[in-house]
file input.txt (compact mmCIF, C-alpha atoms and all ligand atoms)
# COMPACT_ATOMS: atom_id res chain seq x y z
CA MET A 1 0.60 -2.00 -2.69
CA LYS A 2 0.23 1.21 -0.80
CA LYS A 3 2.74 2.29 -3.42
CA LEU A 4 5.51 1.77 -0.92
CA CYS A 5 5.12 -1.94 -0.50
CA ALA A 6 8.29 -2.63 -2.39
CA LEU A 7 10.12 -0.61 0.21
CA VAL A 8 9.53 -3.01 3.09
CA MET A 9 11.45 -5.71 1.30
CA ILE A 10 14.95 -6.33 2.34
CA LEU A 11 17.03 -8.02 -0.27
CA LEU A 12 19.62 -10.36 1.08
CA VAL A 13 21.65 -10.82 -2.03
CA MET A 14 24.92 -12.64 -1.75
CA ALA A 15 27.83 -12.49 -4.11
CA CYS A 16 27.35 -15.26 -6.63
CA THR A 17 30.47 -17.16 -7.56
CA PRO A 18 30.36 -18.74 -10.04
CA CYS A 19 27.77 -16.54 -11.76
CA HIS A 20 26.32 -19.04 -14.21
CA GLY A 21 23.79 -21.82 -13.89
CA GLN A 22 20.36 -21.78 -12.31
CA LYS A 23 19.77 -19.64 -9.26
CA ASP A 24 17.45 -20.78 -6.50
CA ILE A 25 15.47 -17.84 -5.15
CA CYS A 26 13.40 -18.10 -1.98
CA ILE A 27 10.77 -15.47 -1.30
CA VAL A 28 9.28 -15.27 2.19
CA GLY A 29 5.70 -13.95 1.97
CA SER A 30 3.08 -14.18 -0.77
CA GLY A 31 1.62 -10.69 -0.50
CA MET A 32 1.89 -8.07 -3.21
CA GLY A 33 5.57 -7.56 -2.35
CA GLY A 34 6.52 -11.23 -2.72
CA ALA A 35 4.41 -11.77 -5.82
CA SER A 36 5.70 -8.71 -7.64
CA VAL A 37 9.33 -9.40 -6.77
CA ALA A 38 8.85 -12.87 -8.32
CA TYR A 39 7.49 -11.19 -11.44
CA PHE A 40 10.30 -8.64 -11.73
CA LEU A 41 13.03 -11.19 -11.07
CA LYS A 42 11.69 -13.40 -13.88
CA GLU A 43 11.40 -10.34 -16.09
CA TYR A 44 14.91 -8.98 -15.57
CA ALA A 45 17.14 -11.87 -14.49
CA GLN A 46 19.91 -12.92 -16.87
CA ALA A 47 20.32 -16.41 -15.41
CA PRO A 48 17.53 -19.02 -15.27
CA LEU A 49 15.69 -18.83 -11.96
CA GLN A 50 13.89 -21.33 -9.79
CA ILE A 51 11.61 -19.28 -7.56
CA SER A 52 10.05 -20.74 -4.41
CA ILE A 53 7.59 -18.75 -2.33
CA PHE A 54 6.95 -19.66 1.31
CA GLU A 55 3.82 -18.37 2.99
CA GLN A 56 2.91 -18.93 6.63
CA SER A 57 -0.84 -18.68 6.17
CA ASP A 58 -3.15 -20.89 4.11
CA ARG A 59 -3.77 -18.29 1.41
CA VAL A 60 -1.90 -15.81 -0.76
CA GLY A 61 -2.35 -12.03 -0.80
CA GLY A 62 -1.22 -11.04 2.71
CA ARG A 63 -2.70 -7.69 3.60
CA MET A 64 -4.91 -7.83 0.52
CA SER A 65 -7.69 -9.95 1.87
CA LEU A 66 -11.34 -10.52 1.09
CA VAL A 67 -13.72 -11.18 3.98
CA GLU A 68 -17.03 -12.89 3.36
CA LEU A 69 -19.99 -12.07 5.54
CA GLU A 70 -23.52 -13.34 4.93
CA GLY A 71 -22.93 -13.78 1.20
CA ASP A 72 -21.34 -10.37 0.69
CA THR A 73 -17.62 -9.83 0.24
CA PHE A 74 -15.55 -6.95 1.60
CA GLU A 75 -11.95 -5.89 1.08
CA ALA A 76 -10.48 -6.07 4.57
CA GLY A 77 -6.98 -4.79 3.73
CA GLY A 78 -5.62 -2.96 0.68
CA SER A 79 -8.93 -2.05 -0.91
CA VAL A 80 -8.43 0.84 -3.31
CA ILE A 81 -5.68 1.32 -5.88
CA HIS A 82 -4.52 4.77 -6.94
CA PRO A 83 -4.58 5.57 -10.69
CA LYS A 84 -0.87 6.40 -10.48
CA ASN A 85 -0.04 2.93 -9.16
CA LEU A 86 1.23 1.95 -12.62
CA HIS A 87 2.50 -1.47 -11.57
CA SER A 88 -0.88 -2.62 -10.31
CA LEU A 89 -2.48 -1.23 -13.45
CA LYS A 90 -0.05 -3.18 -15.62
CA PHE A 91 -0.49 -6.38 -13.60
CA THR A 92 -4.28 -6.15 -13.83
CA GLU A 93 -4.09 -5.94 -17.62
CA LEU A 94 -1.42 -8.63 -17.89
CA LEU A 95 -3.53 -11.05 -15.83
CA GLY A 96 -6.77 -10.26 -17.66
CA LEU A 97 -8.52 -9.08 -14.49
CA ASN A 98 -11.30 -6.50 -14.51
CA ARG A 99 -11.33 -3.19 -12.67
CA THR A 100 -14.25 -1.78 -10.72
CA THR A 101 -15.69 1.50 -11.81
CA GLY A 102 -15.82 4.08 -9.04
CA ASP A 103 -18.67 4.50 -6.65
CA ASP A 104 -20.06 7.93 -7.49
CA ASP A 105 -21.75 8.60 -4.14
CA ASP A 106 -19.11 10.74 -2.49
CA SER A 107 -21.38 12.41 0.06
CA PHE A 108 -19.95 12.73 3.54
CA GLY A 109 -20.15 14.60 6.83
CA ILE A 110 -17.62 15.64 9.46
CA TRP A 111 -18.59 15.00 13.09
CA ASP A 112 -16.54 16.80 15.74
CA GLY A 113 -17.73 14.68 18.65
CA THR A 114 -20.86 16.65 19.39
CA GLN A 115 -22.23 17.83 16.05
CA PHE A 116 -21.78 17.81 12.28
CA VAL A 117 -19.47 20.71 11.40
CA PHE A 118 -19.81 20.01 7.69
CA GLN A 119 -22.14 17.94 5.56
CA THR A 120 -22.59 17.45 1.84
CA ALA A 121 -25.94 16.76 0.26
CA ARG A 122 -26.87 13.32 -1.03
CA ALA A 123 -27.94 13.16 -4.68
CA GLY A 124 -31.14 11.61 -5.97
CA ASP A 125 -31.21 9.06 -8.77
CA SER A 126 -31.66 11.28 -11.81
CA ILE A 127 -28.70 12.56 -13.82
CA PHE A 128 -29.94 16.10 -13.21
CA SER A 129 -30.05 15.62 -9.46
CA LYS A 130 -26.58 14.02 -9.49
CA THR A 131 -25.02 16.86 -11.46
CA PHE A 132 -26.81 19.55 -9.48
CA THR A 133 -25.86 18.01 -6.11
CA GLN A 134 -22.26 17.62 -7.25
CA ILE A 135 -22.02 21.31 -8.16
CA MET A 136 -23.66 22.38 -4.89
CA ASN A 137 -21.34 20.14 -2.87
CA THR A 138 -18.27 21.49 -4.66
CA LEU A 139 -19.41 25.04 -3.97
CA SER A 140 -20.14 24.39 -0.31
CA ILE A 141 -16.79 22.68 0.30
CA MET A 142 -15.01 25.58 -1.47
CA TRP A 143 -16.99 28.06 0.62
CA ARG A 144 -15.82 26.41 3.83
CA TYR A 145 -12.16 25.74 3.01
CA GLY A 146 -11.35 28.21 0.23
CA LEU A 147 -7.92 28.34 -1.37
CA SER A 148 -6.54 25.85 1.15
CA LEU A 149 -8.16 23.06 -0.86
CA TRP A 150 -6.07 23.98 -3.85
CA LYS A 151 -2.93 24.10 -1.67
CA MET A 152 -3.76 20.63 -0.35
CA GLN A 153 -3.94 19.29 -3.91
CA THR A 154 -0.64 21.00 -4.77
CA TYR A 155 1.02 19.38 -1.74
CA THR A 156 -0.29 15.92 -2.66
CA ASN A 157 0.35 16.18 -6.38
CA GLY A 158 3.90 17.37 -5.64
CA MET A 159 4.50 14.10 -3.78
CA LEU A 160 2.94 12.09 -6.63
CA ASP A 161 5.03 13.87 -9.29
CA ASN A 162 8.21 13.01 -7.41
CA PHE A 163 7.01 9.48 -6.79
CA MET A 164 6.37 8.89 -10.52
CA GLN A 165 10.13 9.01 -11.13
CA ILE A 166 10.46 5.53 -9.66
CA TYR A 167 8.86 4.16 -12.84
CA LYS A 168 11.73 5.39 -15.00
CA ASP A 169 13.58 2.51 -16.63
CA ASP A 170 17.01 4.08 -16.15
CA ARG A 171 16.55 4.53 -12.40
CA PRO A 172 19.43 2.94 -10.43
CA ALA A 173 18.96 0.29 -7.74
CA PHE A 174 19.14 1.27 -4.07
CA ASP A 175 20.45 -0.40 -0.94
CA THR A 176 18.08 1.34 1.45
CA VAL A 177 14.62 2.85 1.46
CA GLU A 178 16.16 6.15 2.56
CA GLU A 179 18.35 6.26 -0.56
CA LEU A 180 15.38 5.57 -2.82
CA LEU A 181 13.33 8.32 -1.18
CA LYS A 182 16.27 10.73 -1.39
CA SER A 183 16.74 10.02 -5.08
CA VAL A 184 13.16 11.11 -5.86
CA ASP A 185 13.34 14.02 -3.40
CA LEU A 186 10.80 12.58 -0.97
CA TYR A 187 13.01 11.82 2.01
CA ASN A 188 12.67 15.30 3.46
CA ARG A 189 8.93 14.76 3.79
CA THR A 190 9.55 11.91 6.22
CA GLN A 191 11.43 14.22 8.57
CA TYR A 192 8.51 16.52 9.44
CA THR A 193 4.97 15.92 10.57
CA LEU A 194 2.13 16.36 8.11
CA GLU A 195 0.83 19.22 10.24
CA GLU A 196 4.15 21.09 10.04
CA LEU A 197 4.41 20.69 6.28
CA LEU A 198 0.78 21.62 5.59
CA LEU A 199 1.02 24.74 7.74
CA GLU A 200 4.20 25.65 5.87
CA ALA A 201 2.37 25.06 2.57
CA GLY A 202 -0.17 27.67 3.73
CA LEU A 203 -3.19 25.47 4.51
CA SER A 204 -5.73 26.86 6.94
CA ARG A 205 -6.07 25.46 10.49
CA LEU A 206 -9.72 24.66 9.69
CA LEU A 207 -8.88 22.38 6.76
CA ILE A 208 -6.11 20.65 8.73
CA ASP A 209 -8.31 20.12 11.80
CA GLU A 210 -11.32 18.93 9.84
CA LEU A 211 -10.88 17.37 6.40
CA ILE A 212 -7.22 16.36 6.72
CA THR A 213 -7.60 14.99 10.26
CA VAL A 214 -10.64 12.98 9.17
CA THR A 215 -8.69 11.56 6.22
CA MET A 216 -5.83 10.45 8.50
CA ARG A 217 -8.30 8.87 10.93
CA ILE A 218 -10.12 6.97 8.20
CA ASN A 219 -7.00 5.72 6.44
CA TYR A 220 -4.58 5.08 9.29
CA GLY A 221 -6.46 5.60 12.56
CA GLN A 222 -4.02 8.40 13.32
CA ASN A 223 -3.86 12.19 13.20
CA VAL A 224 -1.86 14.96 11.53
CA SER A 225 1.23 14.15 13.62
CA ILE A 226 1.88 11.35 11.09
CA SER A 227 4.91 11.93 8.80
CA GLY A 228 4.46 14.35 5.91
CA MET A 229 5.17 11.55 3.44
CA ALA A 230 2.64 9.09 4.88
CA GLY A 231 0.17 11.94 5.13
CA ALA A 232 0.51 12.81 1.44
CA VAL A 233 -0.03 9.14 0.54
CA SER A 234 -3.13 9.13 2.71
CA ILE A 235 -4.54 12.28 1.08
CA ALA A 236 -3.83 10.74 -2.34
CA GLY A 237 -5.93 7.78 -1.17
CA SER A 238 -8.94 10.03 -0.98
CA GLN A 239 -8.53 11.49 -4.48
CA GLY A 240 -10.69 10.58 -7.46
CA GLY A 241 -10.12 7.71 -9.90
CA LEU A 242 -9.43 5.03 -7.27
CA TRP A 243 -10.20 1.49 -8.40
CA ALA A 244 -10.09 -2.14 -7.29
CA VAL A 245 -9.92 -5.58 -8.91
CA VAL A 246 -13.34 -7.15 -9.44
CA GLY A 247 -13.47 -10.18 -7.13
CA GLY A 248 -10.71 -8.91 -4.81
CA ASN A 249 -7.28 -7.34 -5.06
CA TRP A 250 -5.63 -10.51 -3.67
CA GLN A 251 -6.00 -11.92 -7.19
CA LEU A 252 -3.10 -9.68 -8.27
CA ALA A 253 -0.73 -11.63 -6.00
CA ASP A 254 -2.32 -14.95 -6.92
CA GLY A 255 -2.14 -14.23 -10.65
CA LEU A 256 1.49 -13.05 -10.59
CA ILE A 257 2.61 -16.14 -8.68
CA ARG A 258 0.91 -18.38 -11.26
CA HIS A 259 2.23 -16.27 -14.14
CA THR A 260 5.84 -16.63 -13.01
CA ASN A 261 5.50 -20.40 -12.44
CA ALA A 262 6.92 -19.93 -8.96
CA SER A 263 6.45 -22.86 -6.63
CA LEU A 264 4.22 -21.88 -3.75
CA SER A 265 4.28 -23.50 -0.31
CA LEU A 266 1.39 -22.41 1.89
CA ASN A 267 1.37 -23.12 5.63
CA HIS A 268 5.15 -22.76 5.66
CA LYS A 269 6.22 -20.39 8.40
CA VAL A 270 9.87 -19.44 8.15
CA VAL A 271 11.45 -19.42 11.61
CA SER A 272 15.09 -18.74 10.74
CA VAL A 273 17.39 -17.72 7.91
CA THR A 274 21.00 -18.88 8.25
CA ALA A 275 23.93 -18.03 6.01
CA VAL A 276 25.69 -21.31 5.22
CA GLU A 277 28.81 -20.91 3.12
CA GLU A 278 27.68 -19.40 -0.21
CA LYS A 279 23.99 -20.06 0.40
CA TYR A 280 21.13 -19.48 2.80
CA GLU A 281 19.16 -22.03 4.70
CA LEU A 282 15.54 -21.39 5.58
CA ALA A 283 14.10 -23.35 8.47
CA PHE A 284 10.38 -24.10 8.85
CA GLU A 285 8.55 -26.19 11.39
CA GLN A 286 8.38 -28.90 8.68
CA GLY A 287 12.00 -28.85 7.49
CA THR A 288 14.47 -26.70 5.59
CA ALA A 289 15.18 -25.25 2.15
CA THR A 290 18.45 -23.98 0.68
CA CYS A 291 18.63 -21.03 -1.67
CA ASP A 292 21.15 -18.74 -3.38
CA VAL A 293 19.11 -15.62 -2.65
CA VAL A 294 16.46 -14.92 -0.01
CA VAL A 295 13.94 -12.11 -0.36
CA MET A 296 12.11 -11.13 2.81
CA ALA A 297 8.78 -9.88 1.48
CA THR A 298 7.18 -9.30 4.85
CA PRO A 299 7.64 -6.51 7.39
CA LEU A 300 10.34 -7.71 9.75
CA ASP A 301 9.43 -5.42 12.65
CA GLU A 302 7.16 -7.87 14.36
CA SER A 303 8.10 -11.16 12.76
CA LYS A 304 10.02 -13.44 15.05
CA ILE A 305 12.38 -14.72 12.35
CA THR A 306 15.93 -15.38 13.57
CA PHE A 307 18.76 -14.30 11.27
CA ILE A 308 22.19 -15.86 11.56
CA PRO A 309 24.29 -13.75 11.37
CA SER A 310 21.90 -11.18 12.80
CA VAL A 311 20.47 -8.37 10.72
CA ASN A 312 20.30 -4.82 12.03
CA LEU A 313 16.82 -3.36 11.80
CA LEU A 314 15.78 0.16 12.60
CA LYS A 315 13.26 0.11 15.43
CA ARG A 316 9.93 1.42 14.21
CA HIS A 317 6.73 1.90 16.10
CA MET A 318 3.91 0.11 14.31
CA GLN A 319 0.31 1.26 14.64
CA HIS A 320 -1.99 -1.67 15.44
CA THR A 321 -5.45 -1.44 13.98
CA TYR A 322 -8.27 -3.77 14.98
CA THR A 323 -11.26 -4.28 12.74
CA THR A 324 -14.57 -5.78 13.70
CA PHE A 325 -17.05 -6.70 10.99
CA VAL A 326 -20.61 -6.34 12.20
CA ARG A 327 -23.70 -7.28 10.28
CA GLY A 328 -26.54 -4.94 11.11
CA LEU A 329 -30.13 -5.22 10.03
CA LEU A 330 -32.00 -1.92 9.88
CA ASN A 331 -35.10 -1.86 11.98
CA PRO A 332 -37.26 0.81 10.35
CA ILE A 333 -39.78 0.96 13.24
C1 LIG A 401 -6.41 -2.36 6.73
C2 LIG A 401 -5.48 -1.99 5.58
C3 LIG A 401 -5.95 -1.20 4.56
C4 LIG A 401 -5.13 -0.87 3.49
N1 LIG A 401 -5.63 -0.13 2.44
C5 LIG A 401 -4.88 0.07 1.34
C6 LIG A 401 -5.46 0.68 0.20
O1 LIG A 401 -6.65 1.02 0.17
N2 LIG A 401 -4.68 0.87 -0.90
C7 LIG A 401 -3.37 0.47 -0.92
O2 LIG A 401 -2.71 0.67 -1.95
N3 LIG A 401 -2.81 -0.13 0.16
C8 LIG A 401 -3.54 -0.35 1.28
N4 LIG A 401 -2.99 -0.99 2.36
C9 LIG A 401 -1.58 -1.36 2.31
C10 LIG A 401 -1.35 -2.63 1.48
O3 LIG A 401 -2.36 -3.57 1.76
C11 LIG A 401 0.01 -3.20 1.87
O4 LIG A 401 1.00 -2.21 1.71
C12 LIG A 401 0.42 -4.37 1.00
O5 LIG A 401 -0.63 -5.31 0.85
C13 LIG A 401 1.63 -5.01 1.67
O6 LIG A 401 2.10 -6.08 0.88
P1 LIG A 401 3.39 -6.87 1.30
O7 LIG A 401 3.55 -7.98 0.34
O8 LIG A 401 4.51 -5.92 1.46
O9 LIG A 401 3.09 -7.41 2.78
P2 LIG A 401 1.94 -8.44 3.24
O10 LIG A 401 0.75 -8.31 2.40
O11 LIG A 401 1.82 -8.26 4.71
O12 LIG A 401 2.59 -9.85 2.92
C14 LIG A 401 3.47 -10.49 3.78
C15 LIG A 401 3.16 -11.98 3.74
O13 LIG A 401 4.20 -12.65 4.44
C16 LIG A 401 3.63 -13.67 5.21
N5 LIG A 401 4.57 -13.96 6.30
C17 LIG A 401 4.86 -13.19 7.38
N6 LIG A 401 5.78 -13.78 8.16
C18 LIG A 401 6.10 -14.95 7.56
C19 LIG A 401 6.98 -16.02 7.89
N7 LIG A 401 7.74 -16.00 9.00
N8 LIG A 401 7.04 -17.09 7.06
C20 LIG A 401 6.28 -17.14 5.93
N9 LIG A 401 5.42 -16.16 5.57
C21 LIG A 401 5.32 -15.08 6.38
C22 LIG A 401 2.31 -13.09 5.67
O14 LIG A 401 1.39 -14.12 6.03
C23 LIG A 401 1.85 -12.34 4.42
O15 LIG A 401 1.08 -13.14 3.56
C24 LIG A 401 -3.79 -1.33 3.46
C25 LIG A 401 -3.32 -2.13 4.51
C26 LIG A 401 -4.15 -2.46 5.55
C27 LIG A 401 -3.62 -3.37 6.65
C1 LIG A 402 -14.23 -9.26 -17.22
O1 LIG A 402 -15.38 -8.68 -17.76
C2 LIG A 402 -15.81 -9.27 -18.97
C3 LIG A 402 -16.96 -8.46 -19.54
O2 LIG A 402 -17.94 -8.23 -18.55
C4 LIG A 402 -16.20 -10.73 -18.71
O3 LIG A 402 -16.58 -11.35 -19.92
C5 LIG A 402 -14.98 -11.46 -18.13
O4 LIG A 402 -15.33 -12.78 -17.79
C6 LIG A 402 -14.46 -10.73 -16.91
N1 LIG A 402 -13.20 -11.35 -16.49
C7 LIG A 402 -12.90 -11.62 -15.22
C8 LIG A 402 -11.58 -12.24 -14.97
O5 LIG A 402 -13.67 -11.37 -14.29
C1 LIG A 403 13.29 20.10 4.02
O1 LIG A 403 12.02 20.60 4.37
C2 LIG A 403 12.06 21.73 5.23
C3 LIG A 403 10.63 22.04 5.64
O2 LIG A 403 9.79 22.15 4.52
C4 LIG A 403 12.75 22.89 4.52
O3 LIG A 403 12.84 23.99 5.40
C5 LIG A 403 14.15 22.44 4.10
O4 LIG A 403 14.76 23.47 3.33
C6 LIG A 403 14.08 21.17 3.27
N1 LIG A 403 15.43 20.68 3.04
C7 LIG A 403 15.80 20.19 1.87
C8 LIG A 403 17.21 19.68 1.80
O5 LIG A 403 15.06 20.13 0.89
C1 LIG A 404 -1.96 12.69 17.59
O1 LIG A 404 -1.42 11.38 17.73
C2 LIG A 404 -0.26 11.34 18.55
C3 LIG A 404 0.30 9.93 18.48
O2 LIG A 404 -0.69 8.97 18.76
C4 LIG A 404 -0.62 11.79 19.98
O3 LIG A 404 0.54 11.78 20.78
C5 LIG A 404 -1.22 13.20 19.92
O4 LIG A 404 -1.65 13.59 21.20
C6 LIG A 404 -2.36 13.27 18.93
N1 LIG A 404 -2.77 14.67 18.77
C7 LIG A 404 -4.03 15.06 18.83
C8 LIG A 404 -4.28 16.51 18.62
O5 LIG A 404 -4.95 14.27 19.03
C1 LIG A 405 5.51 -20.76 -17.25
O1 LIG A 405 5.35 -22.07 -17.76
C2 LIG A 405 4.67 -22.12 -19.02
C3 LIG A 405 4.42 -23.58 -19.38
O2 LIG A 405 5.58 -24.35 -19.13
C4 LIG A 405 5.53 -21.38 -20.08
O3 LIG A 405 4.85 -21.36 -21.32
C5 LIG A 405 5.73 -19.94 -19.61
O4 LIG A 405 6.58 -19.24 -20.52
C6 LIG A 405 6.33 -19.89 -18.20
N1 LIG A 405 6.35 -18.52 -17.76
C7 LIG A 405 7.43 -17.92 -17.24
C8 LIG A 405 7.30 -16.48 -16.84
O5 LIG A 405 8.49 -18.51 -17.10

call {"tool": "encode", "arguments": {"input": "input.txt", "output": "C-alpha cells"}}
result
Amino acid sequence: MKKLCALVMILLVMACTPCHGQKDICIVGSGMGGASVAYFLKEYAQAPLQISIFEQSDRVGGRMSLVELEGDTFEAGGSVIHPKNLHSLKFTELLGLNRTTGDDDDSFGIWDGTQFVFQTARAGDSIFSKTFTQIMNTLSIMWRYGLSLWKMQTYTNGMLDNFMQIYKDDRPAFDTVEELLKSVDLYNRTQYTLEELLLEAGLSRLLIDELITVTMRINYGQNVSISGMAGAVSIAGSQGGLWAVVGGNWQLADGLIRHTNASLSLNHKVVSVTAVEEKYELAFEQGTATCDVVVMATPLDESKITFIPSVNLLKRHMQHTYTTFVRGLLNPI
C-alpha cells in the first residue's frame, strides 16, 4: 500500500519455452503486494494462469492488520489510504467495500519536550463553532509558519504529480525499483535527506524542526534525516482526504485473492526457492510446490528464505517499530 508496496516485489520470471499452455504462478505473501499482483496477472496475462498464494501466518493482509481490544477494533498497520492511491480506490469499488469518511477533528499540539510550542483550538459541536475554529486554526498555523507551508505543499504535490505517471497504461515495465523511480523523475529524491531538500525548497527552519519533524516521528518514528522521497510520502500521509476501508483495510487483500480465484495456503512458510531446470521449487516445512514463475511479495531483507542459485540483494537498514496497545480508563477524580 504505502504507494510503493509494489516496489518491494522482486519478480523472478524465467524464460518460458514453450510459451503456451497453463502457467503455474506461486506468490509468496498474501499482503497487498501479493494480492494485487495476483489481480494484475489475471487481468493482463495472455496464457491461462493457475495462481497459488503461500502465506506463513494464519491470516491474509500482512502489514494491513486489525487489532481487537475490548470490543473495539484498531488498524495496527497500513491504516489510511491516500486519495491518489488509485489502485486501492479501484479495488475498493470492484470489491463492493465501503470507505470511511474522514474524521474532522484535526486539532493538534506540538510538544518540544518541555512545553507546547504550538496548539490548535478544539471545536465545539455546532457547525458555527466548527467553521469558526477551523478558520482560527488555519490563521494561527499560517501566522506561525508563513509561506513555508505553501512551499511544503509544493514539495509534496511535486512528488505526487510525478508519482501519478505510474498509472499511465503505456508505461513500460522495469527490472529494478531504481529504474521505475528514474522514469518518473523521483530517483533523485532518494539521494538526499528530506532536510536537505526542504531547505533547498526554501522552507523555514521552524517548520522543518516542528511540523515536519513531528510528521516524520508520527509516521515512521524517525526524523528529517529520512530520504527526501520517503519524507514526501510521509507528508502526503498527513494531507486531507485520507480514507480507510470500513471493517479494515486487510479486506482489500482478502477480496482480491477471492476475486482472482487464487488458491490460498495459510500457515505455509516458504523456506527456500530453488531453480530446477525450467521451473522453481518452493520448499515449506510441510512439503514442496513447483511453479513456472515465483513472485516474492514480501520484503526479503529480513526473511530467512534461501535462494538457489543465490539472489543478490542490496543491504538496507530497516527501522524496527514496536507498538504496545494499552487500554486506559479515565479516572475523572
Ligand atoms: C505500522 C505501519 C503503519 C503503516 N501505515 C500505512 C498507512 O497509513 N498507509 C499506507 O498506505 N501504508 C501504510 N503502511 C505501509 C503498508 O502497510 C505496507 O506498505 C503494505 O501493507 C505492504 O504490503 P506488502 O504486501 O508489500 O507486504 P506485507 O504486508 O508485509 O506482506 C508480506 C506477507 O508475506 C508473508 N511472508 C513473509 N515471509 C514469508 C515466507 N517466508 N513464507 C510465506 N509468507 C511469508 C507475511 O506474513 C505477510 O503476510 C504502514 C505499515 C506499517 C508497518
Ligand atoms: C456499505 O454500506 C451500505 C450502506 O450503508 C450497506 O448497505 C452495505 O452493506 C455496506 N457494505 C459493506 C461491504 O460493508
Ligand atoms: C538532483 O537534486 C539535486 C538537489 O536538489 C540537484 O542539485 C540536482 O540538480 C538534481 N539532479 C538531477 C539530475 O535532477
Ligand atoms: C535523526 O535520526 C538519525 C538516524 O536515526 C540520527 O543519527 C540523528 O542523530 C537524528 N537527528 C536528530 C536531530 O535527532
Ligand atoms: C473465478 O471463478 C468464477 C466461478 O468459477 C468465475 O465466474 C470467475 O470469472 C473467475 N474469476 C477470475 C478472475 O478468473

call {"tool": "residues_near_ligand", "arguments": {"input": "input.txt", "ligand": "ligand LIG 402 (chain A)", "cutoff": "7 Å", "atoms": "only C-alpha atoms and all ligand atoms", "output": "count of residues only"}}
result
4

call {"tool": "closest_residue", "arguments": {"input": "input.txt", "among": "A:Leu186, A:Leu66, A:Val37, A:Ile257", "to": "ligand LIG 403 (chain A)", "atoms": "all atoms listed in the file"}}
result
A:Leu186

call {"tool": "closest_residue", "arguments": {"input": "input.txt", "among": "A:Arg205, A:His320, A:Arg122, A:Lys168", "to": "ligand LIG 401 (chain A)", "atoms": "all atoms listed in the file"}}
result
A:His320

call {"tool": "residues_near_point", "arguments": {"input": "input.txt", "point": "(8.8, -21.3, -5.0)", "cutoff": "10 Å", "atoms": "only C-alpha atoms", "output": "PyMOL selection string"}}
result
chain A and resi 24-28+38+50-55+257+260-265

call {"tool": "closest_atom_pairs", "arguments": {"input": "input.txt", "of": "chain A", "to": "ligand LIG 401 (chain A)", "cutoff": "6 Å", "atoms": "only C-alpha atoms and all ligand atoms", "output": "CSV"}}
result
residue,atom,partner,partner_atom,distance
A:Met1,CA,A:LIG401,O2,4.3
A:Lys2,CA,A:LIG401,O2,3.2
A:Lys3,CA,A:LIG401,O2,5.9
A:Cys5,CA,A:LIG401,O8,4.5
A:Val28,CA,A:LIG401,C20,5.1
A:Gly29,CA,A:LIG401,O13,3.2
A:Ser30,CA,A:LIG401,O15,4.9
A:Gly31,CA,A:LIG401,O7,3.4
A:Met32,CA,A:LIG401,O7,3.9
A:Gly33,CA,A:LIG401,O7,3.4
A:Gly34,CA,A:LIG401,O7,5.4
A:Phe54,CA,A:LIG401,C20,5.3
A:Glu55,CA,A:LIG401,N9,3.8
A:Gln56,CA,A:LIG401,C20,3.9
A:Ser57,CA,A:LIG401,O14,5.1
A:Val60,CA,A:LIG401,O15,5.9
A:Gly61,CA,A:LIG401,O15,5.7
A:Gly62,CA,A:LIG401,O15,3.2
A:Arg63,CA,A:LIG401,O10,3.7
A:Met64,CA,A:LIG401,O5,5.0
A:Ala76,CA,A:LIG401,C1,5.9
A:Gly77,CA,A:LIG401,C2,3.7
A:Gly78,CA,A:LIG401,C5,3.2
A:Ser79,CA,A:LIG401,O1,4.0
A:Val80,CA,A:LIG401,O1,3.9
A:Ile81,CA,A:LIG401,O2,5.0
A:His268,CA,A:LIG401,C20,5.7
A:Lys269,CA,A:LIG401,N8,3.7
A:Val270,CA,A:LIG401,N8,3.8
A:Val271,CA,A:LIG401,N7,5.7
A:Ala297,CA,A:LIG401,O7,5.7
A:Thr298,CA,A:LIG401,C14,4.0
A:Ser303,CA,A:LIG401,N6,5.8
A:Ile305,CA,A:LIG401,N7,5.9

call {"tool": "closest_residue", "arguments": {"input": "input.txt", "among": "A:Leu256, A:Ser227, A:Glu285, A:Asn157", "to": "ligand LIG 405 (chain A)", "atoms": "only C-alpha atoms and all ligand atoms"}}
result
A:Leu256

call {"tool": "residues_near_ligand", "arguments": {"input": "input.txt", "ligand": "ligand LIG 404 (chain A)", "cutoff": "6 Å", "atoms": "all atoms listed in the file", "output": "JSON, numbers by chain"}}
result
{"A": [222, 223, 225]}

call {"tool": "residues_near_ligand", "arguments": {"input": "input.txt", "ligand": "ligand LIG 403 (chain A)", "cutoff": "8 Å", "atoms": "all atoms listed in the file", "output": "ChimeraX atom specification"}}
result
/A:185,188-189,191-192,196-197,200

call {"tool": "closest_atom_pairs", "arguments": {"input": "input.txt", "of": "chain A", "to": "ligand LIG 405 (chain A)", "cutoff": "8 Å", "atoms": "all atoms listed in the file", "output": "tab-separated table"}}
result
residue	atom	partner	partner_atom	distance
A:Tyr39	CA	A:LIG405	C8	7.6
A:Lys42	CA	A:LIG405	C8	6.1
A:Glu43	CA	A:LIG405	C8	7.4
A:Arg258	CA	A:LIG405	C1	7.9
A:His259	CA	A:LIG405	C8	5.7
A:Thr260	CA	A:LIG405	C8	4.1
A:Asn261	CA	A:LIG405	C1	4.8

call {"tool": "write_last_selection", "arguments": {"input": "input.txt", "atoms": "C-alpha atoms", "output": "PDB file, in the coordinates of the input"}}
result
ATOM      1  CA  TYR A  39       7.490 -11.190 -11.440  1.00  0.00           C
ATOM      2  CA  LYS A  42      11.690 -13.400 -13.880  1.00  0.00           C
ATOM      3  CA  GLU A  43      11.400 -10.340 -16.090  1.00  0.00           C
ATOM      4  CA  ARG A 258       0.910 -18.380 -11.260  1.00  0.00           C
ATOM      5  CA  HIS A 259       2.230 -16.270 -14.140  1.00  0.00           C
ATOM      6  CA  THR A 260       5.840 -16.630 -13.010  1.00  0.00           C
ATOM      7  CA  ASN A 261       5.500 -20.400 -12.440  1.00  0.00           C
TER       8      ASN A 261
END

call {"tool": "residues_around", "arguments": {"input": "input.txt", "residues": "Met136 (chain A)", "least_positions_apart": "2", "cutoff": "12 Å", "atoms": "all atoms listed in the file", "output": "PyMOL selection string"}}
result
chain A and resi 107+119-123+129-134+138-143

call {"tool": "residues_near_point", "arguments": {"input": "input.txt", "point": "(-6.6, 30.4, 1.3)", "cutoff": "10 Å", "atoms": "all atoms listed in the file", "output": "NGL selection string"}}
result
:A and (145-151 or 202-204 or 207)

call {"tool": "atom_distance", "arguments": {"input": "input.txt", "atom1": "CA of Val245 (chain A)", "atom2": "CA of Thr101 (chain A)"}}
result
9.6 Å
